[in-house]
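run-v2.cif (mmCIF, C-alpha atoms) appears below.
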```
data_my_file
#
loop_
_atom_site.label_atom_id
_atom_site.label_comp_id
_atom_site.auth_asym_id
_atom_site.auth_seq_id
_atom_site.Cartn_x
_atom_site.Cartn_y
_atom_site.Cartn_z
CA MET A 28 -18.56 -59.97 51.35
CA MET A 29 -20.61 -57.08 50.00
CA ASN A 30 -22.84 -55.21 52.43
CA ILE A 31 -25.56 -52.72 51.61
CA VAL A 32 -25.49 -49.88 54.13
CA ALA A 33 -27.07 -46.45 54.41
CA MET A 34 -24.93 -43.82 52.66
CA THR A 35 -23.01 -41.41 54.92
CA PRO A 36 -21.01 -38.27 54.07
CA GLU A 37 -17.83 -40.24 54.84
CA LEU A 38 -18.78 -43.08 52.50
CA PHE A 39 -19.80 -40.58 49.83
CA THR A 40 -16.38 -38.92 49.98
CA ARG A 41 -14.84 -42.31 49.31
CA PHE A 42 -17.32 -42.87 46.47
CA TRP A 43 -16.86 -39.40 44.96
CA PRO A 44 -14.01 -40.35 42.54
CA VAL A 45 -16.30 -42.98 41.01
CA PHE A 46 -19.25 -40.59 40.85
CA SER A 47 -17.10 -37.83 39.38
CA ALA A 48 -15.68 -40.10 36.69
CA ILE A 49 -19.17 -41.30 35.71
CA ILE A 50 -20.64 -37.82 35.28
CA GLN A 51 -17.55 -36.52 33.50
CA ALA A 52 -17.70 -39.37 31.00
CA GLU A 53 -21.16 -38.07 29.88
CA GLU A 54 -22.12 -41.50 28.63
CA THR A 55 -24.74 -42.66 31.10
CA TYR A 56 -26.06 -39.90 33.40
CA ALA A 57 -27.96 -36.71 32.63
CA PHE A 58 -26.17 -34.85 35.42
CA ASP A 59 -24.12 -31.71 35.01
CA PRO A 60 -20.55 -33.05 34.51
CA CYS A 61 -19.17 -30.10 36.50
CA LEU A 62 -20.95 -30.89 39.78
CA ASN A 63 -18.64 -30.63 42.76
CA GLU A 64 -18.66 -33.12 45.62
CA GLN A 65 -21.08 -31.11 47.77
CA GLN A 66 -23.53 -30.58 44.91
CA ALA A 67 -23.32 -34.25 44.04
CA PHE A 68 -23.93 -35.22 47.66
CA ASP A 69 -27.01 -33.00 47.78
CA LEU A 70 -28.38 -34.45 44.55
CA TRP A 71 -27.62 -38.09 45.32
CA CYS A 72 -28.04 -38.23 49.11
CA THR A 73 -30.12 -35.27 50.35
CA LEU A 74 -32.91 -34.85 47.78
CA PRO A 75 -33.86 -38.54 47.51
CA VAL A 76 -35.71 -40.40 50.23
CA GLU A 77 -32.92 -42.89 50.87
CA THR A 78 -29.42 -43.59 49.56
CA TYR A 79 -27.44 -46.79 50.02
CA ALA A 80 -23.87 -47.90 49.39
CA ALA A 81 -22.50 -51.32 48.52
CA VAL A 82 -19.40 -51.73 50.63
CA GLU A 83 -16.79 -54.50 50.54
CA ASN A 84 -13.57 -54.47 52.55
CA ASN A 85 -13.95 -50.77 53.25
CA THR A 86 -14.33 -50.00 49.54
CA VAL A 87 -17.54 -48.45 48.15
CA LEU A 88 -18.34 -50.58 45.10
CA GLY A 89 -21.52 -48.73 44.20
CA SER A 90 -24.49 -46.74 45.37
CA TYR A 91 -28.13 -46.06 44.63
CA PHE A 92 -30.80 -43.57 45.65
CA ILE A 93 -34.54 -44.10 45.81
CA LYS A 94 -37.21 -41.40 45.64
CA ALA A 95 -40.77 -40.94 44.45
CA ASN A 96 -40.82 -40.38 40.69
CA ALA A 97 -43.71 -37.92 41.04
CA SER A 98 -45.95 -36.47 43.75
CA GLY A 99 -49.54 -36.94 44.86
CA PRO A 100 -51.35 -39.33 42.50
CA GLY A 101 -48.02 -40.40 40.99
CA ALA A 102 -46.14 -40.98 44.23
CA HIS A 103 -46.61 -44.76 44.28
CA VAL A 104 -44.02 -45.06 41.49
CA SER A 105 -40.42 -44.91 42.69
CA ASN A 106 -37.33 -43.84 40.83
CA CYS A 107 -33.77 -44.98 41.47
CA GLY A 108 -30.33 -44.16 40.17
CA TYR A 109 -27.46 -46.63 40.45
CA MET A 110 -23.72 -46.15 40.05
CA VAL A 111 -21.04 -48.83 40.22
CA ALA A 112 -17.27 -48.45 40.21
CA ASP A 113 -15.50 -49.73 37.11
CA ALA A 114 -13.24 -51.71 39.45
CA ALA A 115 -16.28 -53.55 40.79
CA ARG A 116 -17.59 -54.79 37.43
CA GLY A 117 -18.34 -58.51 37.48
CA LYS A 118 -19.04 -58.60 41.22
CA GLY A 119 -22.76 -58.20 40.70
CA ALA A 120 -22.96 -54.94 42.64
CA ALA A 121 -25.52 -53.36 40.29
CA LYS A 122 -27.73 -56.43 40.53
CA VAL A 123 -27.51 -56.53 44.33
CA LEU A 124 -28.26 -52.79 44.58
CA CYS A 125 -31.24 -53.07 42.21
CA GLN A 126 -32.68 -56.05 44.08
CA HIS A 127 -32.29 -54.14 47.34
CA SER A 128 -34.15 -51.16 45.85
CA LYS A 129 -36.98 -53.27 44.45
CA GLN A 130 -37.87 -54.36 47.98
CA ARG A 131 -38.49 -50.71 48.81
CA ALA A 132 -40.89 -49.88 45.97
CA LEU A 133 -44.41 -50.65 44.74
CA ALA A 134 -43.55 -49.75 41.17
CA MET A 135 -40.32 -48.44 39.66
CA GLN A 136 -39.63 -46.22 36.69
CA PHE A 137 -36.28 -45.34 35.13
CA ASN A 138 -36.79 -42.15 33.15
CA ALA A 139 -33.69 -41.99 31.01
CA VAL A 140 -31.61 -45.13 30.53
CA VAL A 141 -29.14 -44.18 27.80
CA SER A 142 -29.84 -46.60 24.96
CA SER A 143 -26.15 -47.06 24.15
CA ASN A 144 -25.57 -48.31 27.71
CA THR A 145 -26.41 -51.84 26.59
CA VAL A 146 -24.98 -53.52 29.68
CA ALA A 147 -27.38 -51.57 31.91
CA VAL A 148 -30.37 -52.09 29.61
CA ALA A 149 -29.73 -55.86 29.53
CA LEU A 150 -29.33 -56.02 33.31
CA TRP A 151 -32.53 -54.10 33.98
CA GLN A 152 -34.40 -56.34 31.56
CA LYS A 153 -32.99 -59.43 33.28
CA LEU A 154 -34.25 -57.98 36.57
CA GLY A 155 -37.77 -57.64 35.21
CA PHE A 156 -37.90 -54.09 33.82
CA GLU A 157 -39.57 -53.47 30.50
CA VAL A 158 -38.73 -50.79 27.97
CA ILE A 159 -42.01 -48.88 27.78
CA GLY A 160 -40.78 -45.83 25.91
CA ARG A 161 -37.97 -44.56 23.72
CA VAL A 162 -37.13 -40.83 23.63
CA PRO A 163 -35.40 -39.86 20.39
CA LYS A 164 -32.05 -38.06 20.73
CA ALA A 165 -32.70 -37.15 24.36
CA TYR A 166 -29.08 -37.65 25.46
CA ARG A 167 -25.98 -36.02 24.04
CA HIS A 168 -23.39 -38.81 24.47
CA LYS A 169 -19.84 -37.46 24.66
CA GLN A 170 -18.53 -40.00 22.15
CA LEU A 171 -21.59 -40.89 20.07
CA GLY A 172 -23.49 -37.59 19.86
CA PHE A 173 -27.28 -37.67 20.22
CA VAL A 174 -28.60 -41.05 21.32
CA ASP A 175 -32.06 -42.16 22.43
CA THR A 176 -33.00 -42.72 26.05
CA LEU A 177 -35.29 -45.48 27.26
CA VAL A 178 -38.06 -45.33 29.82
CA MET A 179 -38.04 -48.60 31.76
CA TYR A 180 -40.67 -49.73 34.21
CA GLN A 181 -41.68 -52.53 36.53
CA TRP A 182 -44.79 -52.97 38.66
CA LEU A 183 -43.64 -54.54 41.93
CA ALA A 184 -46.59 -54.60 44.33
CA ALA A 185 -48.15 -58.05 44.63
CA ASP A 186 -51.58 -56.47 44.88
CA GLU A 187 -52.83 -53.25 43.32
CA SER A 188 -54.60 -52.38 46.54
CA VAL A 189 -51.39 -52.01 48.53
CA ALA A 190 -49.99 -49.34 46.24
CA MET B 829 -57.46 -10.30 23.37
CA MET B 830 -55.27 -12.85 25.11
CA ASN B 831 -51.76 -11.81 26.06
CA ILE B 832 -48.92 -14.06 27.19
CA VAL B 833 -46.96 -12.34 29.95
CA ALA B 834 -44.32 -13.35 32.47
CA MET B 835 -45.92 -14.76 35.62
CA THR B 836 -45.78 -12.55 38.73
CA PRO B 837 -46.71 -13.27 42.35
CA GLU B 838 -49.77 -11.06 41.89
CA LEU B 839 -50.93 -12.92 38.78
CA PHE B 840 -50.27 -16.23 40.49
CA THR B 841 -52.50 -15.25 43.40
CA ARG B 842 -55.27 -14.60 40.89
CA PHE B 843 -54.52 -17.95 39.22
CA TRP B 844 -54.32 -19.90 42.48
CA PRO B 845 -58.04 -20.92 42.63
CA VAL B 846 -57.65 -22.56 39.21
CA PHE B 847 -54.38 -24.24 40.21
CA SER B 848 -55.83 -25.41 43.50
CA ALA B 849 -58.92 -26.90 41.85
CA ILE B 850 -56.78 -28.75 39.30
CA ILE B 851 -54.49 -30.39 41.87
CA GLN B 852 -57.37 -31.20 44.20
CA ALA B 853 -59.26 -32.94 41.39
CA GLU B 854 -56.36 -35.46 41.12
CA GLU B 855 -57.23 -36.21 37.54
CA THR B 856 -54.42 -34.63 35.55
CA TYR B 857 -51.42 -33.57 37.65
CA ALA B 858 -49.00 -35.61 39.76
CA PHE B 859 -48.74 -32.84 42.35
CA ASP B 860 -49.54 -33.15 46.02
CA PRO B 861 -53.22 -32.08 46.22
CA CYS B 862 -52.55 -30.41 49.57
CA LEU B 863 -50.00 -27.87 48.31
CA ASN B 864 -50.66 -24.39 49.65
CA GLU B 865 -50.33 -21.27 47.53
CA GLN B 866 -46.72 -20.56 48.50
CA GLN B 867 -45.62 -24.15 47.84
CA ALA B 868 -47.44 -24.11 44.52
CA PHE B 869 -45.79 -20.81 43.59
CA ASP B 870 -42.36 -22.25 44.38
CA LEU B 871 -43.03 -25.37 42.32
CA TRP B 872 -44.63 -23.63 39.35
CA CYS B 873 -42.78 -20.29 39.27
CA THR B 874 -39.50 -20.51 41.18
CA LEU B 875 -38.03 -23.93 40.32
CA PRO B 876 -38.62 -23.72 36.54
CA VAL B 877 -36.59 -21.48 34.24
CA GLU B 878 -39.56 -19.40 33.14
CA THR B 879 -43.30 -19.22 33.85
CA TYR B 880 -45.91 -17.42 31.76
CA ALA B 881 -49.56 -16.52 32.15
CA ALA B 882 -52.27 -16.11 29.53
CA VAL B 883 -54.17 -12.98 30.52
CA GLU B 884 -57.37 -11.58 29.04
CA ASN B 885 -59.27 -8.61 30.48
CA ASN B 886 -57.38 -8.89 33.76
CA THR B 887 -58.29 -12.59 34.09
CA VAL B 888 -55.61 -15.30 34.13
CA LEU B 889 -56.90 -17.91 31.68
CA GLY B 890 -53.95 -20.24 32.04
CA SER B 891 -50.27 -20.65 32.73
CA TYR B 892 -47.25 -22.75 31.84
CA PHE B 893 -43.71 -23.27 33.08
CA ILE B 894 -40.68 -24.34 31.10
CA LYS B 895 -37.55 -26.01 32.48
CA ALA B 896 -34.88 -28.43 31.39
CA ASN B 897 -36.16 -31.99 31.65
CA ALA B 898 -32.71 -33.22 32.74
CA SER B 899 -29.22 -31.83 33.33
CA GLY B 900 -25.91 -31.98 31.51
CA PRO B 901 -26.16 -34.25 28.45
CA GLY B 902 -29.97 -34.24 28.74
CA ALA B 903 -30.44 -30.50 29.16
CA HIS B 904 -31.34 -29.81 25.51
CA VAL B 905 -34.76 -31.39 26.13
CA SER B 906 -37.25 -29.05 27.80
CA ASN B 907 -40.26 -29.91 29.92
CA CYS B 908 -43.41 -27.84 30.36
CA GLY B 909 -46.55 -27.99 32.43
CA TYR B 910 -49.73 -26.20 31.36
CA MET B 911 -52.88 -25.35 33.28
CA VAL B 912 -56.00 -23.69 31.92
CA ALA B 913 -59.06 -22.44 33.79
CA ASP B 914 -62.26 -24.38 33.17
CA ALA B 915 -63.90 -21.04 32.41
CA ALA B 916 -61.42 -20.50 29.58
CA ARG B 917 -62.13 -23.74 27.71
CA GLY B 918 -62.76 -23.17 24.04
CA LYS B 919 -60.70 -19.99 23.89
CA GLY B 920 -57.62 -21.86 22.70
CA ALA B 921 -55.51 -20.86 25.70
CA ALA B 922 -53.77 -24.23 25.97
CA LYS B 923 -52.87 -24.14 22.30
CA VAL B 924 -51.55 -20.58 22.51
CA LEU B 925 -49.52 -21.41 25.62
CA CYS B 926 -48.05 -24.54 24.04
CA GLN B 927 -47.11 -22.73 20.84
CA HIS B 928 -45.45 -20.01 22.93
CA SER B 929 -43.46 -22.65 24.81
CA LYS B 930 -42.36 -24.47 21.66
CA GLN B 931 -40.57 -21.33 20.51
CA ARG B 932 -38.42 -21.57 23.64
CA ALA B 933 -37.26 -25.18 23.25
CA LEU B 934 -35.07 -27.37 21.06
CA ALA B 935 -36.93 -30.51 22.03
CA MET B 936 -39.81 -31.04 24.45
CA GLN B 937 -40.82 -33.99 26.58
CA PHE B 938 -43.98 -34.42 28.66
CA ASN B 939 -43.22 -37.08 31.25
CA ALA B 940 -46.66 -37.98 32.53
CA VAL B 941 -49.71 -37.03 30.48
CA VAL B 942 -52.57 -38.86 32.19
CA SER B 943 -53.99 -41.18 29.54
CA SER B 944 -57.60 -40.53 30.57
CA ASN B 945 -57.07 -36.81 29.85
CA THR B 946 -58.04 -37.38 26.24
CA VAL B 947 -58.57 -33.69 25.45
CA ALA B 948 -54.97 -32.92 26.39
CA VAL B 949 -53.57 -35.95 24.57
CA ALA B 950 -55.45 -34.99 21.40
CA LEU B 951 -54.32 -31.37 21.61
CA TRP B 952 -50.66 -32.29 22.10
CA GLN B 953 -50.85 -34.69 19.17
CA LYS B 954 -52.43 -31.96 17.03
CA LEU B 955 -49.52 -29.71 18.03
CA GLY B 956 -46.98 -32.26 16.84
CA PHE B 957 -46.20 -34.32 19.94
CA GLU B 958 -45.91 -38.07 19.65
CA VAL B 959 -46.72 -40.65 22.28
CA ILE B 960 -43.36 -42.37 22.68
CA GLY B 961 -44.10 -44.32 25.85
CA ARG B 962 -46.91 -45.59 28.05
CA VAL B 963 -46.35 -46.16 31.77
CA PRO B 964 -48.79 -48.72 33.19
CA LYS B 965 -50.84 -47.63 36.21
CA ALA B 966 -48.51 -44.74 36.97
CA TYR B 967 -51.31 -42.36 38.04
CA ARG B 968 -53.94 -42.91 40.71
CA HIS B 969 -56.91 -41.02 39.24
CA LYS B 970 -59.35 -39.89 41.92
CA GLN B 971 -62.38 -41.19 40.00
CA LEU B 972 -60.94 -43.96 37.81
CA GLY B 973 -58.28 -45.52 40.04
CA PHE B 974 -54.95 -46.49 38.47
CA VAL B 975 -54.57 -45.25 34.90
CA ASP B 976 -51.59 -45.21 32.55
CA THR B 977 -49.51 -42.13 31.87
CA LEU B 978 -48.05 -41.23 28.48
CA VAL B 979 -44.63 -39.90 27.64
CA MET B 980 -45.00 -37.43 24.77
CA TYR B 981 -42.18 -35.87 22.81
CA GLN B 982 -41.35 -33.51 19.98
CA TRP B 983 -38.04 -32.58 18.45
CA LEU B 984 -38.20 -28.85 17.66
CA ALA B 985 -34.77 -27.68 16.54
CA ALA B 986 -34.54 -27.20 12.79
CA ASP B 987 -31.00 -28.53 12.86
CA GLU B 988 -29.46 -31.10 15.20
CA SER B 989 -26.35 -29.00 15.49
CA VAL B 990 -28.10 -26.12 17.24
CA ALA B 991 -29.32 -28.27 20.14
#
```
Conversion result in structure tokens:
Amino acid sequence: MMNIVAMTPELFTRFWPVFSAIIQAEETYAFDPCLNEQQAFDLWCTLPVETYAAVENNTVLGSYFIKANASGPGAHVSNCGYMVADAARGKGAAKVLCQHSKQRALAMQFNAVVSSNTVAVALWQKLGFEVIGRVPKAYRHKQLGFVDTLVMYQWLAADESVA
Amino acid sequence: MMNIVAMTPELFTRFWPVFSAIIQAEETYAFDPCLNEQQAFDLWCTLPVETYAAVENNTVLGSYFIKANASGPGAHVSNCGYMVADAARGKGAAKVLCQHSKQRALAMQFNAVVSSNTVAVALWQKLGFEVIGRVPKAYRHKQLGFVDTLVMYQWLAADESVA
């Protein structure tokens, strides 16, 4: 049984090996691959508005943060980042995390989905996100060299007036 | 004669009325319109890598910052923000500032050009930027309500290998 809970420093420490492996792979995230645990915690859990973890049997399967993608007149659009442990693939953790995040936003923008990350692109599309931009060679993939990134977006508010 | 110089706290204080008017108009920038001078200085001059001012006869005509648009595998793409005083329109300050910034980047991405800001969109296109994405209703324009924002991009490095 997977539960979505607020991230804590203790849970993040358990999640850190997953996080570290993802940034060191340099295939999906535009984060400095040399971040240490404290820097990663600050980036993932302190700067955003909220951070959640998907926990099952004491194991952290994945995590996401949510924050405003811009300020002032752009603050109604949220931005999230999601990470899921390789060992949790097939359990639907990314889907559950994304659905959880969508309930907390009026509109959502992903700024840099690495185009070669086809599993993620397909999942986001299945969950209603559209590719609304393609940035040429914006990501230096460790294996593939320069690849494009995608801007993906979904309006979520039922009514414009609530945003 | 317009000179481009490194921004200083003293120059920023002289530029602050322009900056303040631009954010309070809520027509072009996704910044909190209630920022005070110190917060604006931090955002515009401390967080970015470099900030410059266009100065003519002791008057600050405009300013821009440059920073990395992302980290790690995305750090070769720069991001800039430009502001020009209304009183300086027609002097080419925005063009001069943008050309100055392009010499400092390997690739450049503007994340949220407000689509109703047609003068800016046309200038960036003239200077080689392409619209590579359109984000629906991502900006709440003070006069027009929700308007789209544009992602604009230009690859600048002569050779992929130098990026």
Please, what distance in Å, to one decimal, runs between CA of Trp182 (chain A) and CA of Ile93 (chain A)?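 So the answer is 15.3 Å.
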Hits from the PyMOL selection byres ((chain A) within 6 of (chain B)), listed as a PDB file with C-alpha atoms, keeping the file's coordinate frame:
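Below is the file out13.pdb, written as the result:
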```
ATOM      1  CA  ALA A  57     -27.960 -36.710  32.630  1.00  0.00           C
ATOM      2  CA  PHE A  58     -26.170 -34.850  35.420  1.00  0.00           C
ATOM      3  CA  ASP A  59     -24.120 -31.710  35.010  1.00  0.00           C
ATOM      4  CA  ALA A  97     -43.710 -37.920  41.040  1.00  0.00           C
ATOM      5  CA  SER A  98     -45.950 -36.470  43.750  1.00  0.00           C
ATOM      6  CA  GLY A  99     -49.540 -36.940  44.860  1.00  0.00           C
ATOM      7  CA  PRO A 100     -51.350 -39.330  42.500  1.00  0.00           C
ATOM      8  CA  GLY A 101     -48.020 -40.400  40.990  1.00  0.00           C
ATOM      9  CA  ILE A 159     -42.010 -48.880  27.780  1.00  0.00           C
ATOM     10  CA  GLY A 160     -40.780 -45.830  25.910  1.00  0.00           C
ATOM     11  CA  ARG A 161     -37.970 -44.560  23.720  1.00  0.00           C
ATOM     12  CA  ALA A 165     -32.700 -37.150  24.360  1.00  0.00           C
ATOM     13  CA  TYR A 166     -29.080 -37.650  25.460  1.00  0.00           C
ATOM     14  CA  ARG A 167     -25.980 -36.020  24.040  1.00  0.00           C
TER      15      ARG A 167
END
```
Under the PyMOL selection byres ((chain B and resi 889) around 7), which residues of this model are included? Write them out as a count of residues only. 10
Same-sequence overlay, chain B on chain A, C-alpha least squares, as a compact mmCIF listing (two decimals) with C-alpha atoms, keeping the file's coordinate frame:
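Final output, saved to superposed.txt:
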```
# COMPACT_ATOMS: atom_id res chain seq x y z
CA MET B 829 -18.57 -59.99 51.36
CA MET B 830 -20.61 -57.09 50.02
CA ASN B 831 -22.82 -55.22 52.45
CA ILE B 832 -25.56 -52.72 51.61
CA VAL B 833 -25.49 -49.88 54.13
CA ALA B 834 -27.06 -46.45 54.43
CA MET B 835 -24.92 -43.83 52.67
CA THR B 836 -23.01 -41.41 54.92
CA PRO B 837 -21.01 -38.28 54.09
CA GLU B 838 -17.84 -40.24 54.83
CA LEU B 839 -18.77 -43.08 52.49
CA PHE B 840 -19.80 -40.59 49.84
CA THR B 841 -16.39 -38.92 49.99
CA ARG B 842 -14.84 -42.32 49.32
CA PHE B 843 -17.32 -42.87 46.47
CA TRP B 844 -16.86 -39.41 44.96
CA PRO B 845 -14.01 -40.36 42.53
CA VAL B 846 -16.30 -42.99 40.99
CA PHE B 847 -19.25 -40.58 40.85
CA SER B 848 -17.10 -37.84 39.38
CA ALA B 849 -15.68 -40.11 36.67
CA ILE B 850 -19.17 -41.30 35.71
CA ILE B 851 -20.64 -37.80 35.29
CA GLN B 852 -17.55 -36.51 33.51
CA ALA B 853 -17.70 -39.37 31.00
CA GLU B 854 -21.15 -38.07 29.86
CA GLU B 855 -22.12 -41.48 28.62
CA THR B 856 -24.75 -42.65 31.09
CA TYR B 857 -26.06 -39.91 33.39
CA ALA B 858 -27.96 -36.71 32.63
CA PHE B 859 -26.16 -34.84 35.41
CA ASP B 860 -24.11 -31.70 35.01
CA PRO B 861 -20.55 -33.03 34.51
CA CYS B 862 -19.17 -30.09 36.49
CA LEU B 863 -20.95 -30.89 39.77
CA ASN B 864 -18.62 -30.64 42.75
CA GLU B 865 -18.67 -33.12 45.61
CA GLN B 866 -21.07 -31.12 47.78
CA GLN B 867 -23.53 -30.58 44.92
CA ALA B 868 -23.32 -34.25 44.03
CA PHE B 869 -23.93 -35.23 47.65
CA ASP B 870 -27.02 -33.00 47.78
CA LEU B 871 -28.38 -34.46 44.54
CA TRP B 872 -27.62 -38.09 45.31
CA CYS B 873 -28.04 -38.23 49.11
CA THR B 874 -30.11 -35.29 50.34
CA LEU B 875 -32.90 -34.84 47.77
CA PRO B 876 -33.86 -38.54 47.51
CA VAL B 877 -35.72 -40.41 50.25
CA GLU B 878 -32.93 -42.89 50.88
CA THR B 879 -29.42 -43.59 49.56
CA TYR B 880 -27.43 -46.79 50.03
CA ALA B 881 -23.87 -47.89 49.39
CA ALA B 882 -22.50 -51.32 48.51
CA VAL B 883 -19.40 -51.74 50.65
CA GLU B 884 -16.80 -54.51 50.55
CA ASN B 885 -13.57 -54.49 52.57
CA ASN B 886 -13.94 -50.77 53.26
CA THR B 887 -14.34 -50.01 49.54
CA VAL B 888 -17.53 -48.46 48.16
CA LEU B 889 -18.35 -50.59 45.11
CA GLY B 890 -21.51 -48.74 44.21
CA SER B 891 -24.49 -46.74 45.37
CA TYR B 892 -28.13 -46.05 44.63
CA PHE B 893 -30.80 -43.57 45.66
CA ILE B 894 -34.54 -44.10 45.80
CA LYS B 895 -37.21 -41.39 45.63
CA ALA B 896 -40.76 -40.94 44.44
CA ASN B 897 -40.82 -40.39 40.69
CA ALA B 898 -43.72 -37.93 41.03
CA SER B 899 -45.94 -36.47 43.75
CA GLY B 900 -49.53 -36.94 44.85
CA PRO B 901 -51.35 -39.34 42.51
CA GLY B 902 -48.01 -40.41 40.99
CA ALA B 903 -46.13 -40.98 44.23
CA HIS B 904 -46.61 -44.78 44.29
CA VAL B 905 -44.02 -45.07 41.49
CA SER B 906 -40.42 -44.91 42.71
CA ASN B 907 -37.33 -43.84 40.83
CA CYS B 908 -33.76 -44.98 41.46
CA GLY B 909 -30.33 -44.16 40.16
CA TYR B 910 -27.44 -46.62 40.45
CA MET B 911 -23.71 -46.15 40.05
CA VAL B 912 -21.04 -48.83 40.22
CA ALA B 913 -17.26 -48.46 40.22
CA ASP B 914 -15.49 -49.73 37.12
CA ALA B 915 -13.24 -51.71 39.46
CA ALA B 916 -16.29 -53.54 40.80
CA ARG B 917 -17.59 -54.81 37.45
CA GLY B 918 -18.34 -58.50 37.50
CA LYS B 919 -19.02 -58.59 41.23
CA GLY B 920 -22.76 -58.20 40.71
CA ALA B 921 -22.98 -54.94 42.65
CA ALA B 922 -25.52 -53.37 40.30
CA LYS B 923 -27.73 -56.43 40.54
CA VAL B 924 -27.52 -56.53 44.33
CA LEU B 925 -28.26 -52.80 44.58
CA CYS B 926 -31.24 -53.07 42.23
CA GLN B 927 -32.69 -56.05 44.08
CA HIS B 928 -32.30 -54.14 47.35
CA SER B 929 -34.14 -51.17 45.86
CA LYS B 930 -36.99 -53.27 44.47
CA GLN B 931 -37.86 -54.36 47.99
CA ARG B 932 -38.49 -50.70 48.82
CA ALA B 933 -40.90 -49.89 45.98
CA LEU B 934 -44.40 -50.66 44.75
CA ALA B 935 -43.54 -49.76 41.18
CA MET B 936 -40.32 -48.44 39.67
CA GLN B 937 -39.64 -46.22 36.69
CA PHE B 938 -36.28 -45.34 35.13
CA ASN B 939 -36.80 -42.14 33.16
CA ALA B 940 -33.70 -41.99 31.01
CA VAL B 941 -31.62 -45.12 30.53
CA VAL B 942 -29.15 -44.17 27.79
CA SER B 943 -29.84 -46.60 24.95
CA SER B 944 -26.15 -47.05 24.14
CA ASN B 945 -25.58 -48.31 27.70
CA THR B 946 -26.42 -51.83 26.58
CA VAL B 947 -25.00 -53.52 29.69
CA ALA B 948 -27.39 -51.56 31.91
CA VAL B 949 -30.37 -52.09 29.61
CA ALA B 950 -29.73 -55.85 29.54
CA LEU B 951 -29.33 -56.03 33.32
CA TRP B 952 -32.54 -54.11 33.99
CA GLN B 953 -34.41 -56.34 31.56
CA LYS B 954 -32.98 -59.42 33.29
CA LEU B 955 -34.25 -57.97 36.58
CA GLY B 956 -37.77 -57.63 35.21
CA PHE B 957 -37.89 -54.09 33.83
CA GLU B 958 -39.57 -53.46 30.51
CA VAL B 959 -38.73 -50.80 27.97
CA ILE B 960 -42.01 -48.89 27.79
CA GLY B 961 -40.79 -45.85 25.89
CA ARG B 962 -37.97 -44.55 23.72
CA VAL B 963 -37.14 -40.84 23.64
CA PRO B 964 -35.40 -39.85 20.39
CA LYS B 965 -32.06 -38.04 20.72
CA ALA B 966 -32.71 -37.15 24.35
CA TYR B 967 -29.08 -37.65 25.44
CA ARG B 968 -25.97 -36.02 24.02
CA HIS B 969 -23.39 -38.80 24.46
CA LYS B 970 -19.85 -37.44 24.65
CA GLN B 971 -18.53 -39.98 22.13
CA LEU B 972 -21.60 -40.88 20.06
CA GLY B 973 -23.49 -37.59 19.84
CA PHE B 974 -27.28 -37.65 20.22
CA VAL B 975 -28.61 -41.04 21.31
CA ASP B 976 -32.06 -42.16 22.42
CA THR B 977 -33.01 -42.70 26.03
CA LEU B 978 -35.30 -45.48 27.26
CA VAL B 979 -38.06 -45.33 29.81
CA MET B 980 -38.04 -48.61 31.75
CA TYR B 981 -40.67 -49.74 34.21
CA GLN B 982 -41.69 -52.53 36.54
CA TRP B 983 -44.78 -52.97 38.64
CA LEU B 984 -43.65 -54.54 41.94
CA ALA B 985 -46.59 -54.61 44.33
CA ALA B 986 -48.14 -58.06 44.65
CA ASP B 987 -51.56 -56.48 44.88
CA GLU B 988 -52.82 -53.26 43.29
CA SER B 989 -54.59 -52.35 46.49
CA VAL B 990 -51.40 -51.98 48.50
CA ALA B 991 -49.95 -49.30 46.21
```
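Note that CA of Met835 (chain B) and CA of Leu934 (chain B) are 22.1 Å apart.
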Which residues match the PyMOL selection byres ((chain A and resi 76) around 6) in the file above, as a ChimeraX atom specification? /A:75,77,93-94
Which distance in Å separates CA of Trp872 (chain B) and CA of Tyr892 (chain B), to one decimal?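 Straight-line distance from CA of Trp872 (chain B) to CA of Tyr892 (chain B) works out to 8.0 Å.
The environment of Gln867 (chain B) within 12 Å, counting all atoms listed in the file and disregarding residues fewer than 6 places along the same chain, consists of Phe840, Trp844, Phe847, Ser848, Phe859, Asp860, Pro861, Cys873, Thr874 and Leu875 of chain B.
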Asn886 (chain B) proximity check over B:Gln953, B:Asp976, B:Glu958, B:Ile832, using only C-alpha atoms: winner is B:Ile832
Residues near Leu951 (chain B), cut-off 10 Å, only C-alpha atoms, skip fewer than 6 positions along chain, as an NGL selection string: :B and (922-923 or 926 or 957)
Using only C-alpha atoms, can you tell me which of A:Ala95, A:Ala52, A:Lys153, A:Val123 comes closest to Gln170 (chain A)? A:Ala52
For Val975 (chain B), which of B:Leu839, B:Val942, B:Met830, B:Val846 is the closest residue, counting all atoms listed in the file? B:Val942
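Minimum atom-to-atom distances from A:Asn84, A:Cys107, A:Asn63, A:Leu171 to Asn144 (chain A) were compared using only C-alpha atoms, and the lowest value belongs to A:Leu171.
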Can you work out which one of A:Trp151, A:Phe42, A:Ala114, A:Gly119 has the shortest atom-to-atom distance to Phe68 (chain A), counting only C-alpha atoms?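 Selected residue with least distance to Phe68 (chain A): A:Phe42.
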Compare A:Asp113, A:Val32, A:Asn106, A:Thr78 by their minimum atom-to-atom distance to Ala48 (chain A), counting all atoms listed in the file, and give me the closest one.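 Answer, going by the shortest atom-to-atom distance: A:Asp113.
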